[in-house]
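Engineer: So that we are looking at the same thing, I have put the structure below in structure tokens.
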Amino acid sequence: MEKKIRQQLRFYGRVQGVGFRYTAQHAAYSLGLTGWVLNDYDGSVLMEVQGTKEKILKMIEMLENGVFIEIDSIDKTELPVLEYESSFHIKD
């Protein structure tokens with residue numbers, strides 16, 4: 001069984017106003033990932049996501065294939081796993 005990890009991801013590009021957060025939530029549910037996503041004040045999207053590295057990479061691939069989403073770059077930071085977390089949600 002692959003080890004669970006947690007990453008903070010900051011997405012830059014055309015990522016607000018294009019259904020990014022809803023696409024992320026759908027992808028997370030379909031892949032069994034937990035965490036959250038929000039639109040940040042600077043036009044980027046901030047996400048914390050938890051699951052296997054393989055599934056997180058698959059989620060990013062699903063986002064990159066979004067119809068109106070254009071990701072220019074992603075900043076990644078490794079974080080400690082939150083054992084109690086059980087869902088993925090959109091933060092306002």
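Residues are referred to by chain and number: the chain letter is A, B, ... according to the order shown in the structure tokens, the number counts from 1 in that chain, and ligands are numbered separately from 1 in the order shown.
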At a cut-off of 10 Å, using only C-alpha atoms, what residues contact range 62-71 of chain A? Leave out same-chain residues fewer than 4 positions from it and give the result as an MDAnalysis selection string.
Structural biologist: chainID A and resid 11:21 23:24 26:28 44 56:58
Engineer: Which of range 26-87 of chain A counts as helix (DSSP H, G or I) under DSSP, as a PyMOL selection string please?
Structural biologist: chain A and resi 26-31+53-64
Engineer: So, counting only C-alpha atoms, which residue among A:Ile5, A:Ile90, A:Leu38, A:Leu82 is closest to Lys55 in chain A?
Structural biologist: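 Among A:Ile5, A:Ile90, A:Leu38, A:Leu82, it is A:Ile5 that comes nearest to Lys55 in chain A.
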Engineer: Please provide the set of residues having any atom within 12 Å of Gly51 in chain A, restricted to only C-alpha atoms, with same-chain residues fewer than 2 positions apart removed, written as a compact mmCIF listing (two decimals) with N, CA and C atoms, in the first residue's frame.
Structural biologist:
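Done, and the output landed in part20.txt:
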# COMPACT_ATOMS: atom_id res chain seq x y z
N MET A 1 0.83 -1.18 0.00
CA MET A 1 0.00 0.00 0.00
C MET A 1 0.88 1.25 0.00
N GLU A 2 0.59 2.17 -0.92
CA GLU A 2 1.40 3.37 -1.05
C GLU A 2 1.14 4.33 0.11
N LYS A 3 2.20 5.01 0.52
CA LYS A 3 2.15 5.93 1.65
C LYS A 3 1.31 7.17 1.31
N LYS A 4 0.55 7.63 2.29
CA LYS A 4 -0.25 8.84 2.15
C LYS A 4 0.64 10.06 2.38
N ILE A 5 0.48 11.09 1.54
CA ILE A 5 1.21 12.34 1.70
C ILE A 5 0.21 13.51 1.68
N ARG A 6 0.69 14.68 2.07
CA ARG A 6 -0.12 15.90 2.00
C ARG A 6 0.73 16.97 1.35
N GLN A 7 0.13 17.68 0.40
CA GLN A 7 0.83 18.76 -0.28
C GLN A 7 -0.02 20.03 -0.29
N ALA A 28 -11.16 15.13 -6.59
CA ALA A 28 -10.80 14.61 -5.27
C ALA A 28 -11.77 13.52 -4.83
N TYR A 29 -13.07 13.75 -5.01
CA TYR A 29 -14.05 12.74 -4.65
C TYR A 29 -13.84 11.45 -5.44
N LEU A 31 -11.18 10.29 -6.74
CA LEU A 31 -9.90 9.63 -6.44
C LEU A 31 -9.73 9.29 -4.95
N GLY A 32 -10.70 9.69 -4.12
CA GLY A 32 -10.61 9.40 -2.69
C GLY A 32 -9.60 10.27 -1.96
N LEU A 33 -9.38 11.50 -2.44
CA LEU A 33 -8.46 12.43 -1.81
C LEU A 33 -9.20 13.32 -0.81
N THR A 34 -8.47 13.86 0.16
CA THR A 34 -9.04 14.78 1.13
C THR A 34 -8.30 16.10 1.06
N GLY A 35 -8.90 17.14 1.66
CA GLY A 35 -8.26 18.44 1.71
C GLY A 35 -9.24 19.56 1.43
N GLU A 48 -4.82 22.38 -0.41
CA GLU A 48 -4.12 21.36 0.36
C GLU A 48 -4.81 20.06 0.03
N VAL A 49 -4.03 19.08 -0.37
CA VAL A 49 -4.60 17.80 -0.80
C VAL A 49 -3.80 16.67 -0.18
N LYS A 53 0.73 9.79 -3.62
CA LYS A 53 1.39 10.66 -4.61
C LYS A 53 0.80 10.40 -5.99
N GLU A 54 0.57 9.14 -6.32
CA GLU A 54 0.02 8.77 -7.62
C GLU A 54 -1.36 9.42 -7.85
N LYS A 55 -2.21 9.39 -6.84
CA LYS A 55 -3.56 9.95 -6.98
C LYS A 55 -3.52 11.48 -7.04
N ILE A 56 -2.61 12.10 -6.30
CA ILE A 56 -2.47 13.56 -6.38
C ILE A 56 -2.01 13.97 -7.77
N LEU A 57 -1.07 13.23 -8.35
CA LEU A 57 -0.63 13.52 -9.72
C LEU A 57 -1.77 13.33 -10.71
N LYS A 58 -2.60 12.33 -10.50
CA LYS A 58 -3.76 12.10 -11.36
C LYS A 58 -4.74 13.28 -11.25
N MET A 59 -4.93 13.79 -10.04
CA MET A 59 -5.82 14.94 -9.85
C MET A 59 -5.30 16.15 -10.63
N LEU A 79 3.60 18.85 3.36
CA LEU A 79 3.05 19.14 4.69
C LEU A 79 2.87 17.84 5.46
N PRO A 80 2.72 17.92 6.79
CA PRO A 80 2.41 16.72 7.57
C PRO A 80 1.00 16.21 7.24
N VAL A 81 0.84 14.92 7.23
CA VAL A 81 -0.46 14.29 6.98
C VAL A 81 -1.39 14.57 8.16
N LEU A 82 -2.64 14.87 7.85
CA LEU A 82 -3.67 15.07 8.88
C LEU A 82 -4.52 13.81 8.94
N GLU A 83 -4.27 12.98 9.92
CA GLU A 83 -4.93 11.67 10.02
C GLU A 83 -6.44 11.77 10.17
N GLU A 85 -8.54 13.95 8.85
CA GLU A 85 -9.28 14.54 7.72
C GLU A 85 -9.99 13.45 6.92
N SER A 86 -11.25 13.71 6.55
CA SER A 86 -12.03 12.67 5.89
C SER A 86 -12.75 13.11 4.62
N SER A 87 -12.60 14.40 4.21
CA SER A 87 -13.30 14.85 3.01
C SER A 87 -12.50 15.94 2.31
N PHE A 88 -12.99 16.36 1.16
CA PHE A 88 -12.39 17.46 0.39
C PHE A 88 -13.49 18.50 0.21
Engineer: Pick from A:Lys91, A:Leu9, A:Tyr84, A:Gln25: nearest to Leu46 in chain A, with only C-alpha atoms counted?
Structural biologist: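 Counting only C-alpha atoms, the residue closest to Leu46 in chain A is A:Leu9.
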Engineer: Which residues are near Arg10 in chain A? Cut-off 9 Å, only C-alpha atoms, ignore same chain within fewer than 6 positions. Put them as a ChimeraX atom specification.
Structural biologist: /A:44-48,73-77
Engineer: How would the residues just picked look written out with N, CA, C and O atoms as a compact mmCIF listing (two decimals), in the first residue's frame?
Structural biologist:
# COMPACT_ATOMS: atom_id res chain seq x y z
N SER A 44 -4.47 33.48 -7.77
CA SER A 44 -4.08 32.08 -7.79
C SER A 44 -5.12 31.24 -7.06
O SER A 44 -6.05 31.77 -6.46
N VAL A 45 -4.97 29.93 -7.13
CA VAL A 45 -5.81 29.01 -6.37
C VAL A 45 -4.91 28.23 -5.43
O VAL A 45 -3.88 27.68 -5.86
N LEU A 46 -5.28 28.18 -4.17
CA LEU A 46 -4.52 27.47 -3.14
C LEU A 46 -5.26 26.20 -2.77
O LEU A 46 -6.48 26.22 -2.60
N MET A 47 -4.51 25.12 -2.65
CA MET A 47 -5.10 23.82 -2.32
C MET A 47 -4.20 23.08 -1.35
O MET A 47 -2.98 23.16 -1.44
N GLU A 48 -4.82 22.38 -0.41
CA GLU A 48 -4.12 21.36 0.36
C GLU A 48 -4.81 20.06 0.03
O GLU A 48 -6.04 19.97 0.11
N SER A 73 1.79 27.42 -13.87
CA SER A 73 2.77 26.85 -12.96
C SER A 73 2.10 26.44 -11.65
O SER A 73 1.00 26.88 -11.34
N ILE A 74 2.80 25.58 -10.91
CA ILE A 74 2.32 25.08 -9.62
C ILE A 74 3.47 25.12 -8.63
O ILE A 74 4.55 24.58 -8.91
N ASP A 75 3.27 25.78 -7.49
CA ASP A 75 4.23 25.72 -6.38
C ASP A 75 3.77 24.61 -5.45
O ASP A 75 2.59 24.57 -5.07
N LYS A 76 4.68 23.71 -5.08
CA LYS A 76 4.35 22.58 -4.21
C LYS A 76 5.15 22.64 -2.92
O LYS A 76 6.35 22.90 -2.95
N THR A 77 4.48 22.37 -1.81
CA THR A 77 5.12 22.28 -0.50
C THR A 77 4.60 21.02 0.19
O THR A 77 3.39 20.79 0.22
Engineer: Please identify which residues in chain A DSSP calls strand (DSSP E) from the backbone, and express them as a ChimeraX atom specification.
Structural biologist: /A:4-14,34-39,45-52,70-79,88-90
Engineer: Hey, can you spit out that residue selection with N, CA and C atoms as a short mmCIF file (atom, residue, chain, number, x, y, z; two decimals), in the first residue's frame?
Structural biologist:
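That gives us result36.cif:
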data_model
loop_
_atom_site.label_atom_id
_atom_site.label_comp_id
_atom_site.auth_asym_id
_atom_site.auth_seq_id
_atom_site.Cartn_x
_atom_site.Cartn_y
_atom_site.Cartn_z
N LYS A 4 0.55 7.63 2.29
CA LYS A 4 -0.25 8.84 2.15
C LYS A 4 0.64 10.06 2.38
N ILE A 5 0.48 11.09 1.54
CA ILE A 5 1.21 12.34 1.70
C ILE A 5 0.21 13.51 1.68
N ARG A 6 0.69 14.68 2.07
CA ARG A 6 -0.12 15.90 2.00
C ARG A 6 0.73 16.97 1.35
N GLN A 7 0.13 17.68 0.40
CA GLN A 7 0.83 18.76 -0.28
C GLN A 7 -0.02 20.03 -0.29
N GLN A 8 0.67 21.16 -0.17
CA GLN A 8 0.03 22.44 -0.45
C GLN A 8 0.42 22.78 -1.88
N LEU A 9 -0.57 23.07 -2.70
CA LEU A 9 -0.35 23.39 -4.10
C LEU A 9 -0.92 24.78 -4.38
N ARG A 10 -0.14 25.63 -5.02
CA ARG A 10 -0.63 26.94 -5.45
C ARG A 10 -0.56 26.96 -6.97
N PHE A 11 -1.73 27.13 -7.59
CA PHE A 11 -1.85 27.10 -9.04
C PHE A 11 -1.91 28.52 -9.58
N TYR A 12 -1.12 28.78 -10.61
CA TYR A 12 -1.11 30.07 -11.29
C TYR A 12 -1.54 29.88 -12.75
N GLY A 13 -2.14 30.91 -13.31
CA GLY A 13 -2.60 30.86 -14.69
C GLY A 13 -4.05 31.32 -14.74
N ARG A 14 -4.79 30.79 -15.72
CA ARG A 14 -6.24 31.08 -15.77
C ARG A 14 -6.92 30.02 -14.93
N THR A 34 -8.47 13.86 0.16
CA THR A 34 -9.04 14.78 1.13
C THR A 34 -8.30 16.10 1.06
N GLY A 35 -8.90 17.14 1.66
CA GLY A 35 -8.26 18.44 1.71
C GLY A 35 -9.24 19.56 1.43
N TRP A 36 -8.73 20.64 0.84
CA TRP A 36 -9.55 21.80 0.54
C TRP A 36 -8.94 22.61 -0.60
N VAL A 37 -9.74 23.52 -1.15
CA VAL A 37 -9.29 24.41 -2.23
C VAL A 37 -9.96 25.76 -2.06
N LEU A 38 -9.24 26.85 -2.40
CA LEU A 38 -9.84 28.18 -2.33
C LEU A 38 -9.21 29.11 -3.35
N ASN A 39 -9.99 30.11 -3.78
CA ASN A 39 -9.47 31.18 -4.61
C ASN A 39 -8.74 32.16 -3.71
N VAL A 45 -4.97 29.93 -7.13
CA VAL A 45 -5.81 29.01 -6.37
C VAL A 45 -4.91 28.23 -5.43
N LEU A 46 -5.28 28.18 -4.17
CA LEU A 46 -4.52 27.47 -3.14
C LEU A 46 -5.26 26.20 -2.77
N MET A 47 -4.51 25.12 -2.65
CA MET A 47 -5.10 23.82 -2.32
C MET A 47 -4.20 23.08 -1.35
N GLU A 48 -4.82 22.38 -0.41
CA GLU A 48 -4.12 21.36 0.36
C GLU A 48 -4.81 20.06 0.03
N VAL A 49 -4.03 19.08 -0.37
CA VAL A 49 -4.60 17.80 -0.80
C VAL A 49 -3.80 16.67 -0.18
N GLN A 50 -4.52 15.61 0.17
CA GLN A 50 -3.92 14.49 0.87
C GLN A 50 -4.36 13.18 0.24
N GLY A 51 -3.40 12.28 0.04
CA GLY A 51 -3.65 10.96 -0.52
C GLY A 51 -2.32 10.40 -1.00
N THR A 52 -2.37 9.41 -1.86
CA THR A 52 -1.13 8.87 -2.39
C THR A 52 -0.57 9.83 -3.44
N GLU A 70 -6.34 26.87 -17.47
CA GLU A 70 -5.00 26.93 -18.04
C GLU A 70 -4.01 27.15 -16.90
N ILE A 71 -3.30 26.09 -16.52
CA ILE A 71 -2.33 26.16 -15.43
C ILE A 71 -0.97 26.51 -16.02
N ASP A 72 -0.42 27.66 -15.58
CA ASP A 72 0.92 28.07 -16.05
C ASP A 72 2.01 27.46 -15.18
N SER A 73 1.79 27.42 -13.87
CA SER A 73 2.77 26.85 -12.96
C SER A 73 2.10 26.44 -11.65
N ILE A 74 2.80 25.58 -10.91
CA ILE A 74 2.32 25.08 -9.62
C ILE A 74 3.47 25.12 -8.63
N ASP A 75 3.27 25.78 -7.49
CA ASP A 75 4.23 25.72 -6.38
C ASP A 75 3.77 24.61 -5.45
N LYS A 76 4.68 23.71 -5.08
CA LYS A 76 4.35 22.58 -4.21
C LYS A 76 5.15 22.64 -2.92
N THR A 77 4.48 22.37 -1.81
CA THR A 77 5.12 22.28 -0.50
C THR A 77 4.60 21.02 0.19
N GLU A 78 5.51 20.22 0.73
CA GLU A 78 5.12 19.03 1.49
C GLU A 78 4.68 19.45 2.88
N LEU A 79 3.60 18.85 3.36
CA LEU A 79 3.05 19.14 4.69
C LEU A 79 2.87 17.84 5.46
N PHE A 88 -12.99 16.36 1.16
CA PHE A 88 -12.39 17.46 0.39
C PHE A 88 -13.49 18.50 0.21
N HIS A 89 -13.17 19.77 0.49
CA HIS A 89 -14.20 20.80 0.38
C HIS A 89 -13.64 22.10 -0.20
N ILE A 90 -14.55 22.93 -0.67
CA ILE A 90 -14.23 24.25 -1.19
C ILE A 90 -14.35 25.25 -0.05
#
